[in-house]
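Asks: What follows is a structure written as structure tokens; I'll ask about it next.
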Amino acid sequence: MAIFWKHVTLSSSLLRRFKRHVTVANSGHHRHFLPSRSVTTSEGHRPSIVHKRSLDILHDPWFNKGTAFSMTERDRLDLRGLLPPNVMSTHLQIERFMVDLKRLEVQARDGPSDPNALAKWRILNRLHDRNEVMYYKVLIANIEEYAPVVYTPTVGLVCQNYSGLFRRPRGMYFSAQDRGEMMSMVYNWPSEQVDMIVVTDGSRILGLGDLGVQGIGIAIGKLDLYVAAAGINPQRVLPVMIDVGTNNEKLINDPLYLGLQQHRLDGDDYLAVVDEFMEAVFTRWPNVIVQFEDFQSKWAFKLLQRYRNAYRMFNDDVQGTAGVAIAGLLGAVRAQGRPMIDFPKQKIVVAGAGSAGIGVLNAARKTMARMLGNNEAAFNSAKSQFWVVDAQGLITEGRENIDPDALPFARNLKEMDRQGLREGASLVDVVKQVRPDVLLGLSAVGGLFSKEVLEALKGSTSTRPAIFAMSNPTKNAECTPEEAFSILGDNIIFASGSPFSDVDLGNGHIGHCNQGNNMYLFPGIGLGTLLSGARIVSDGMLQAAAECLAAYMSDEEVLQGTIFPSISRIRDITKEVAAAVIKEALEEDLAEGYHGMDPRELRKLSQDEIAEYVKNHMWNPEYPTLVYKQD
């Protein structure tokens with residue numbers, strides 16, 4: 001095994017530890033890494049011990065290489081004669097697949113109702129079913145093109161049609177019928193080590209509502225990005241669906257629906273199911289990280305507060321969305337030619353008071369307060385910069401039965417009267433009277449930023465107002481970039497949750513459409529938490545991730561209107577975000593180390609060395625050498 005050294009001097013104790021910990025191990029088992037300022041072999045570059053041969057290998061997507069099996073491996077694994085004789089390189093395999101993909105994109109369509117993106121998903125999914133390494137190699141090499149296929153917006157369409165698309169089980173299903181059995185069920189999963197779980201209950205998939213058990217598609221898509229962006233070993237990820245029923249009457253009455261055809265559990269019955277699941281997975285895999293995804297607002301905050309101080313978990317809708325929004329908001333300040341420290345002066349109108357909207361509000365308020373002195377007075381002062389509009393209009397203290405999570409941002413009635421506003425004022429009226437620097441949409445209402453709303457934003461006091469149409473999928477975006485640039489001109493910042501193309505404004509001018517998607521943050525948050533061994537995912541770690549993303553773009557790029565980087569740079573972005581998370585975990589004394597690297601050794605690493613440490617623990621899709629060992 002090759003070890004590449006930097007020019008550093010190792011103490012005798014570190015040398016002894018090096019000899020003890022650097023071993024060649026089974027790729028599915030615990031790895032030992034060099035606990036010093038050195039570069040180790042990359043994750044995934046180790047021989048894999050397999051306990052199967054012949055057709056069993058070819059039918060196992062974790063180990064199948066298809067035509068890339070060498071003649072030596074074919075003999076060793078009893079594959080000679082079971083494959084065509086020509087041994088192909090991975091490059092030729094991918095080239096062959098891509099030719100087929102382009103040809104089948106049209107042929108695989110079921111008709112006008114099956115758009116091209118879904119055809120691509122079908123073809124990629126078939127590759128995933130037979131050869132995981134090649135699947136991730138294709139995904140990483142073409143991440144800009146295929147991230148929107150395996151993730152938003154296409155994943156929404158996949159979830160809506162999942163009962164019809166289901167062919168091969170992927171992940172685990174814990175249902176209300178499994179109460180009392182989950183502790184034993186969890187051992188049905190074949191991997192001895194799981195690093196990352198994405199779990200959903202299907203109650204609020206993107207902006208599409210309650211999709212029940214079909215929501216597992218979002219967990220699968222998120223974990224595809226954990227592998228592609230963060231280099232989490234695909235043998236150590238687990239998508240999970242907690243099926244407590246559905247309140248979608250169409251699904252309840254659909255004989256082809258794959259989930260429990262009953263109304264959702266609620267209250268203590270619901271909590272008992274989720275509690276049992278959490279206890280089961282953390283009993284088997286004590287160091288796993290669990291990301292909660294697309295839980296309805298009524299449970300998202302409650303579950304986050306219930307578990308965040310006891311388990312390594314976070315909620316991407318609440319915390320991930322907030323982090324990306326904070327990065328974008330700070331980038332918008334930079335795009336005005338102002339320092340990020342001026343963020344507390346921004347006037348922000350937020351459309352949407354669900355879990356994502358409230359999550360962003362809380363995070364933005366904390367960020368402002370920290371910049372203002374990080375005390376109670378600063379925290380109270382910061383809330384005056386936000387105006388929140390939901391389906392009933394502007395939220396004020398006069399609102400009856402106000403959501404407790406939204407209450408801190410309810411505006412004072414007397415103050416609103418002076419501004420010419422009232423309880424329930426329309427979004428257009430709020431924008432006209434407030435003249436905000438930022439209009440932030442997290443409403444899941446497509447087209448909410450109408451012509452009238454955008455016209456009202458012309459009165460903004462900002463030199464360069466920002467529009468964030470963050471709702472997913474594409475059809476739920478509050479407005480399109482074409483609509484924003486055509487009405488407001490080119491001197492704006494535009495960002496959306498789903499991908500849109502840049503807008504040609506003529507005369508050589510381009511209106512940049514920034515995709516402010518959670519995929520910039522959640523892979524790095526998960527990877528940084530894993531590699532630091534942090535006991536919990538703290539607010540400070542999330543803040544460090546957001547600030548890292550905000551600072552990633554150069555001043556020149558930001559002044560040109562580009563506040564989020566290209567998806568093609570996602571692995572480098574993730575590396576930097578993970579390094580920032582590790583550094584913050586160390587500063588908060590939360591880090592407990594990862595495998596051979598204890599926190600004392602982590603603290604000795606420079607910023608560049610932490611980034612190198614992250615890079616060398618990111619799995620790369622390369623075929624491992626397979627060694628057969630009889631059970």
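The way I read the labels, and the way they are meant: chains A, B, ... in the order of the structure tokens, residue 1 as the first residue of every chain, and ligand 1 as the first ligand shown, with later ones counted on from there.
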Would you list the contacts of Ala332 (chain A) as an mmCIF file with N, CA and C atoms, in the first residue's frame, taking every protein, DNA or RNA residue within 12 Å and counting only C-alpha atoms, but skipping same-chain residues closer than 4 positions in sequence?

Replies:
data_model
loop_
_atom_site.group_PDB
_atom_site.id
_atom_site.type_symbol
_atom_site.label_atom_id
_atom_site.label_comp_id
_atom_site.auth_asym_id
_atom_site.auth_seq_id
_atom_site.Cartn_x
_atom_site.Cartn_y
_atom_site.Cartn_z
ATOM 1 N N ALA A 325 -29.647 29.317 2.732
ATOM 2 C CA ALA A 325 -30.232 30.663 2.640
ATOM 3 C C ALA A 325 -29.324 31.703 3.279
ATOM 4 N N ILE A 326 -28.733 31.380 4.429
ATOM 5 C CA ILE A 326 -27.809 32.313 5.079
ATOM 6 C C ILE A 326 -26.617 32.592 4.172
ATOM 7 N N ALA A 327 -26.074 31.538 3.572
ATOM 8 C CA ALA A 327 -24.951 31.723 2.643
ATOM 9 C C ALA A 327 -25.350 32.635 1.494
ATOM 10 N N GLY A 328 -26.569 32.433 0.964
ATOM 11 C CA GLY A 328 -27.036 33.284 -0.127
ATOM 12 C C GLY A 328 -27.275 34.713 0.311
ATOM 13 N N GLN A 336 -23.563 43.534 -3.241
ATOM 14 C CA GLN A 336 -23.825 44.979 -3.196
ATOM 15 C C GLN A 336 -22.532 45.769 -2.988
ATOM 16 N N GLY A 337 -21.418 45.034 -2.910
ATOM 17 C CA GLY A 337 -20.131 45.688 -2.677
ATOM 18 C C GLY A 337 -19.921 46.054 -1.223
ATOM 19 N N ARG A 338 -20.673 45.409 -0.334
ATOM 20 C CA ARG A 338 -20.584 45.704 1.099
ATOM 21 C C ARG A 338 -20.010 44.500 1.842
ATOM 22 N N PRO A 339 -19.410 44.709 3.002
ATOM 23 C CA PRO A 339 -18.880 43.583 3.786
ATOM 24 C C PRO A 339 -20.021 42.781 4.398
ATOM 25 N N MET A 340 -19.775 41.504 4.664
ATOM 26 C CA MET A 340 -20.817 40.643 5.231
ATOM 27 C C MET A 340 -21.295 41.138 6.587
ATOM 28 N N ASP A 342 -22.334 43.836 7.307
ATOM 29 C CA ASP A 342 -23.491 44.717 7.121
ATOM 30 C C ASP A 342 -24.811 43.953 7.023
ATOM 31 N N PHE A 343 -24.755 42.644 7.127
ATOM 32 C CA PHE A 343 -25.960 41.826 7.008
ATOM 33 C C PHE A 343 -27.082 42.276 7.948
ATOM 34 N N GLN A 346 -29.905 44.567 6.583
ATOM 35 C CA GLN A 346 -30.786 44.147 5.492
ATOM 36 C C GLN A 346 -32.238 44.033 5.962
ATOM 37 N N ILE A 348 -35.658 42.184 5.207
ATOM 38 C CA ILE A 348 -35.961 40.924 4.539
ATOM 39 C C ILE A 348 -37.433 40.575 4.691
ATOM 40 N N ASP A 437 -34.625 44.827 1.028
ATOM 41 C CA ASP A 437 -33.398 44.487 0.308
ATOM 42 C C ASP A 437 -33.501 43.090 -0.288
ATOM 43 N N VAL A 438 -34.252 42.228 0.400
ATOM 44 C CA VAL A 438 -34.354 40.824 0.001
ATOM 45 C C VAL A 438 -35.807 40.374 0.044
ATOM 46 N N LEU A 439 -36.224 39.665 -1.004
ATOM 47 C CA LEU A 439 -37.520 38.997 -1.040
ATOM 48 C C LEU A 439 -37.234 37.501 -1.093
ATOM 49 N N LEU A 440 -37.578 36.792 -0.019
ATOM 50 C CA LEU A 440 -37.195 35.392 0.145
ATOM 51 C C LEU A 440 -38.431 34.504 0.139
ATOM 52 N N SER A 462 -32.479 49.071 -1.697
ATOM 53 C CA SER A 462 -31.180 48.461 -1.967
ATOM 54 C C SER A 462 -30.645 48.880 -3.327
ATOM 55 N N THR A 463 -29.350 48.980 -3.427
ATOM 56 C CA THR A 463 -28.725 49.255 -4.723
ATOM 57 C C THR A 463 -28.793 48.040 -5.626
ATOM 58 N N ARG A 464 -28.987 46.862 -5.025
ATOM 59 C CA ARG A 464 -29.055 45.619 -5.796
ATOM 60 C C ARG A 464 -29.934 44.624 -5.036
ATOM 61 N N PRO A 465 -31.252 44.724 -5.197
ATOM 62 C CA PRO A 465 -32.144 43.840 -4.444
ATOM 63 C C PRO A 465 -31.959 42.373 -4.839
ATOM 64 N N ALA A 466 -32.296 41.490 -3.917
ATOM 65 C CA ALA A 466 -32.124 40.054 -4.147
ATOM 66 C C ALA A 466 -33.470 39.351 -4.078
ATOM 67 N N ILE A 467 -33.659 38.400 -4.988
ATOM 68 C CA ILE A 467 -34.869 37.582 -5.025
ATOM 69 C C ILE A 467 -34.446 36.128 -4.864
ATOM 70 N N PHE A 468 -34.979 35.484 -3.843
ATOM 71 C CA PHE A 468 -34.698 34.075 -3.601
ATOM 72 C C PHE A 468 -36.006 33.302 -3.762
ATOM 73 N N ASN A 491 -29.815 44.504 -12.688
ATOM 74 C CA ASN A 491 -29.110 44.851 -11.450
ATOM 75 C C ASN A 491 -29.780 44.229 -10.224
ATOM 76 N N ILE A 492 -29.992 42.907 -10.295
ATOM 77 C CA ILE A 492 -30.560 42.171 -9.165
ATOM 78 C C ILE A 492 -29.737 40.906 -8.947
ATOM 79 N N ILE A 493 -29.953 40.288 -7.798
ATOM 80 C CA ILE A 493 -29.415 38.956 -7.518
ATOM 81 C C ILE A 493 -30.589 37.998 -7.524
ATOM 82 N N PHE A 494 -30.446 36.884 -8.255
ATOM 83 C CA PHE A 494 -31.531 35.908 -8.309
ATOM 84 C C PHE A 494 -31.001 34.541 -7.924
ATOM 85 N N ALA A 495 -31.753 33.847 -7.066
ATOM 86 C CA ALA A 495 -31.417 32.471 -6.696
ATOM 87 C C ALA A 495 -32.699 31.663 -6.586
ATOM 88 N N ASN A 514 -28.673 31.678 -9.817
ATOM 89 C CA ASN A 514 -27.952 30.897 -8.819
ATOM 90 C C ASN A 514 -28.867 29.819 -8.247
ATOM 91 N N GLY A 516 -29.607 27.925 -5.214
ATOM 92 C CA GLY A 516 -29.329 27.878 -3.785
ATOM 93 C C GLY A 516 -29.885 26.598 -3.192
ATOM 94 N N ALA A 550 -20.655 30.817 2.001
ATOM 95 C CA ALA A 550 -20.794 32.237 1.652
ATOM 96 C C ALA A 550 -19.479 32.826 1.186
ATOM 97 N N ALA A 551 -18.371 32.357 1.751
ATOM 98 C CA ALA A 551 -17.052 32.905 1.421
ATOM 99 C C ALA A 551 -16.386 32.172 0.261
ATOM 100 N N MET A 553 -17.091 31.845 -2.976
ATOM 101 C CA MET A 553 -16.968 32.562 -4.250
ATOM 102 C C MET A 553 -16.013 33.740 -4.112
ATOM 103 N N ASP A 555 -14.544 37.588 -4.859
ATOM 104 C CA ASP A 555 -15.209 38.895 -4.924
ATOM 105 C C ASP A 555 -15.643 39.216 -6.346
ATOM 106 N N GLU A 557 -16.474 37.124 -8.775
ATOM 107 C CA GLU A 557 -17.646 36.321 -9.143
ATOM 108 C C GLU A 557 -18.909 36.878 -8.500
ATOM 109 N N VAL A 558 -18.805 37.255 -7.222
ATOM 110 C CA VAL A 558 -19.971 37.754 -6.507
ATOM 111 C C VAL A 558 -20.457 39.072 -7.101
ATOM 112 N N LEU A 559 -19.550 39.954 -7.428
ATOM 113 C CA LEU A 559 -19.938 41.250 -8.001
ATOM 114 C C LEU A 559 -20.581 41.091 -9.374
ATOM 115 N N GLN A 560 -20.308 39.959 -10.020
ATOM 116 C CA GLN A 560 -20.953 39.672 -11.305
ATOM 117 C C GLN A 560 -22.325 39.032 -11.121
ATOM 118 N N GLY A 561 -22.718 38.814 -9.871
ATOM 119 C CA GLY A 561 -24.046 38.272 -9.594
ATOM 120 C C GLY A 561 -24.071 36.781 -9.315
ATOM 121 N N THR A 562 -22.897 36.156 -9.207
ATOM 122 C CA THR A 562 -22.825 34.714 -8.939
ATOM 123 C C THR A 562 -22.513 34.508 -7.466
ATOM 124 N N ILE A 563 -23.519 34.121 -6.700
ATOM 125 C CA ILE A 563 -23.321 33.974 -5.244
ATOM 126 C C ILE A 563 -23.220 32.511 -4.816
ATOM 127 N N PHE A 564 -23.634 31.594 -5.688
ATOM 128 C CA PHE A 564 -23.454 30.170 -5.424
ATOM 129 C C PHE A 564 -22.603 29.571 -6.535
#

Asks: Which residues in region 132-191 of chain A does DSSP call strand (DSSP E)? List them as JSON, numbers by chain.

Replies: {"A": [172, 173, 174, 175]}

Asks: Could you write out that same residue set with C-alpha atoms as a CSV table (one decimal), in the first residue's frame?

Replies:
chain,number,residue,atom,x,y,z
A,172,MET,CA,-35.5,-0.1,4.9
A,173,TYR,CA,-39.1,0.4,5.8
A,174,PHE,CA,-40.2,0.7,9.4
A,175,SER,CA,-43.9,0.9,9.7

Asks: Could you give me, as a PyMOL selection string, the residues within 9 Å of Lys298 (chain A), counting only C-alpha atoms and dropping anything in the same chain fewer than 4 positions from it?

Replies: chain A and resi 302+354-355

Asks: Which one is closest to Gln160 (chain A): A:Val445, A:Leu251, A:Met71, A:Ala230? Count only C-alpha atoms.

Replies: A:Leu251

Asks: Looking at only C-alpha atoms, which of A:Thr529, A:Asn248, A:Gln305, A:Asn517 is the one that sits closest to Leu549 (chain A)?

Replies: A:Asn517

Asks: For each of A:Lys52, A:Arg603, A:Lys615, A:Lys383, take the minimum atom-to-atom distance to Ile573 (chain A), counting only C-alpha atoms, then give the residue where this is smallest.

Replies: A:Lys615

Asks: What does the structure give for the distance between CA of Tyr307 (chain A) and CA of Glu584 (chain A), in Å to one decimal?

Replies: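 Computed distance, CA of Tyr307 (chain A) to CA of Glu584 (chain A), equals 20.7 Å.
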
Asks: Determine, for each residue of region 225-344 of chain A having at least one atom at most 8 Å from an atom of region 198-207 of chain A, the closest pair of atoms and their separation in Å to one decimal, counting only C-alpha atoms; order by chain and ascending number, as a tab-separated table.

Replies:
residue	atom	partner	partner_atom	distance
A:Leu238	CA	A:Val198	CA	6.7
A:Pro239	CA	A:Val198	CA	5.2
A:Val240	CA	A:Val199	CA	4.6
A:Met241	CA	A:Thr200	CA	5.3
A:Ile242	CA	A:Asp201	CA	4.8
A:Asp243	CA	A:Asp201	CA	5.8
A:Val244	CA	A:Asp201	CA	7.2
A:Thr246	CA	A:Ser203	CA	7.3
A:Val290	CA	A:Val198	CA	5.8
A:Gln291	CA	A:Val198	CA	4.7
A:Phe292	CA	A:Val199	CA	5.2
A:Glu293	CA	A:Thr200	CA	5.0
A:Asp294	CA	A:Arg204	CA	5.1
A:Phe295	CA	A:Ser203	CA	5.5
A:Gln296	CA	A:Arg204	CA	5.0

Asks: Those same residues - N, CA, C and O atoms - I'd like them written as a CSV table (one decimal), in the first residue's frame.

Replies:
chain,number,residue,atom,x,y,z
A,238,LEU,N,-27.9,4.3,4.2
A,238,LEU,CA,-29.1,3.6,4.4
A,238,LEU,C,-30.3,4.6,4.3
A,238,LEU,O,-30.5,5.4,5.1
A,239,PRO,N,-31.1,4.5,3.2
A,239,PRO,CA,-32.3,5.2,3.1
A,239,PRO,C,-33.4,4.6,3.9
A,239,PRO,O,-33.6,3.3,3.9
A,240,VAL,N,-34.2,5.3,4.6
A,240,VAL,CA,-35.3,4.8,5.5
A,240,VAL,C,-36.6,5.5,5.3
A,240,VAL,O,-36.6,6.7,5.2
A,241,MET,N,-37.6,4.7,5.3
A,241,MET,CA,-39.0,5.2,5.3
A,241,MET,C,-39.7,4.8,6.6
A,241,MET,O,-39.7,3.6,6.9
A,242,ILE,N,-40.2,5.7,7.4
A,242,ILE,CA,-41.0,5.4,8.5
A,242,ILE,C,-42.5,5.6,8.1
A,242,ILE,O,-43.0,6.7,7.8
A,243,ASP,N,-43.2,4.5,7.9
A,243,ASP,CA,-44.5,4.5,7.4
A,243,ASP,C,-45.5,4.4,8.5
A,243,ASP,O,-45.7,3.4,9.1
A,244,VAL,N,-46.1,5.6,8.8
A,244,VAL,CA,-47.2,5.6,9.8
A,244,VAL,C,-48.5,5.9,9.2
A,244,VAL,O,-49.5,6.3,9.9
A,246,THR,N,-50.9,7.4,5.7
A,246,THR,CA,-50.9,8.6,4.9
A,246,THR,C,-52.3,9.3,5.0
A,246,THR,O,-53.3,8.6,5.2
A,290,VAL,N,-28.0,10.6,11.4
A,290,VAL,CA,-29.3,10.5,10.9
A,290,VAL,C,-29.8,11.9,10.4
A,290,VAL,O,-29.8,12.8,11.2
A,291,GLN,N,-30.1,12.0,9.1
A,291,GLN,CA,-30.7,13.3,8.6
A,291,GLN,C,-32.2,13.1,8.4
A,291,GLN,O,-32.6,12.2,7.7
A,292,PHE,N,-32.9,13.9,9.0
A,292,PHE,CA,-34.4,13.9,8.9
A,292,PHE,C,-34.8,14.7,7.6
A,292,PHE,O,-34.2,15.8,7.4
A,293,GLU,N,-35.7,14.2,6.8
A,293,GLU,CA,-36.0,14.8,5.6
A,293,GLU,C,-37.5,14.8,5.3
A,293,GLU,O,-38.1,13.8,5.4
A,294,ASP,N,-38.0,16.0,5.0
A,294,ASP,CA,-39.4,16.2,4.5
A,294,ASP,C,-40.4,15.6,5.5
A,294,ASP,O,-41.3,14.9,5.1
A,295,PHE,N,-40.3,16.0,6.7
A,295,PHE,CA,-41.3,15.8,7.7
A,295,PHE,C,-42.2,17.0,7.7
A,295,PHE,O,-41.7,18.1,7.6
A,296,GLN,N,-43.5,16.8,7.9
A,296,GLN,CA,-44.4,18.0,7.9
A,296,GLN,C,-44.0,18.9,9.1
A,296,GLN,O,-43.4,18.5,10.1

Asks: Residues of region 77-157 of chain A classed as alpha helix (DSSP H) by DSSP on the backbone are to be reported as an NGL selection string.

Replies: :A and (90-107 or 116-130 or 132-141 or 143-150 or 154-157)

Asks: What's the 6 Å shell around region 139-151 of chain A, counting only C-alpha atoms, without same-chain residues fewer than 2 positions away, as a PyMOL selection string?

Replies: chain A and resi 121+136-137+153-155+221+228+567-568

Asks: Could you tell me which of A:Ala119, A:Gly424, A:Ser48, A:Lys347 comes closest to Arg399 (chain A) if we count only C-alpha atoms?

Replies: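 Looking only at the distances to Arg399 (chain A), the closest residue turns out to be A:Gly424.
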
Asks: Using only C-alpha atoms, can you tell me which of A:Val503, A:Val273, A:Met196, A:Leu330 comes closest to Gly231 (chain A)?

Replies: A:Met196
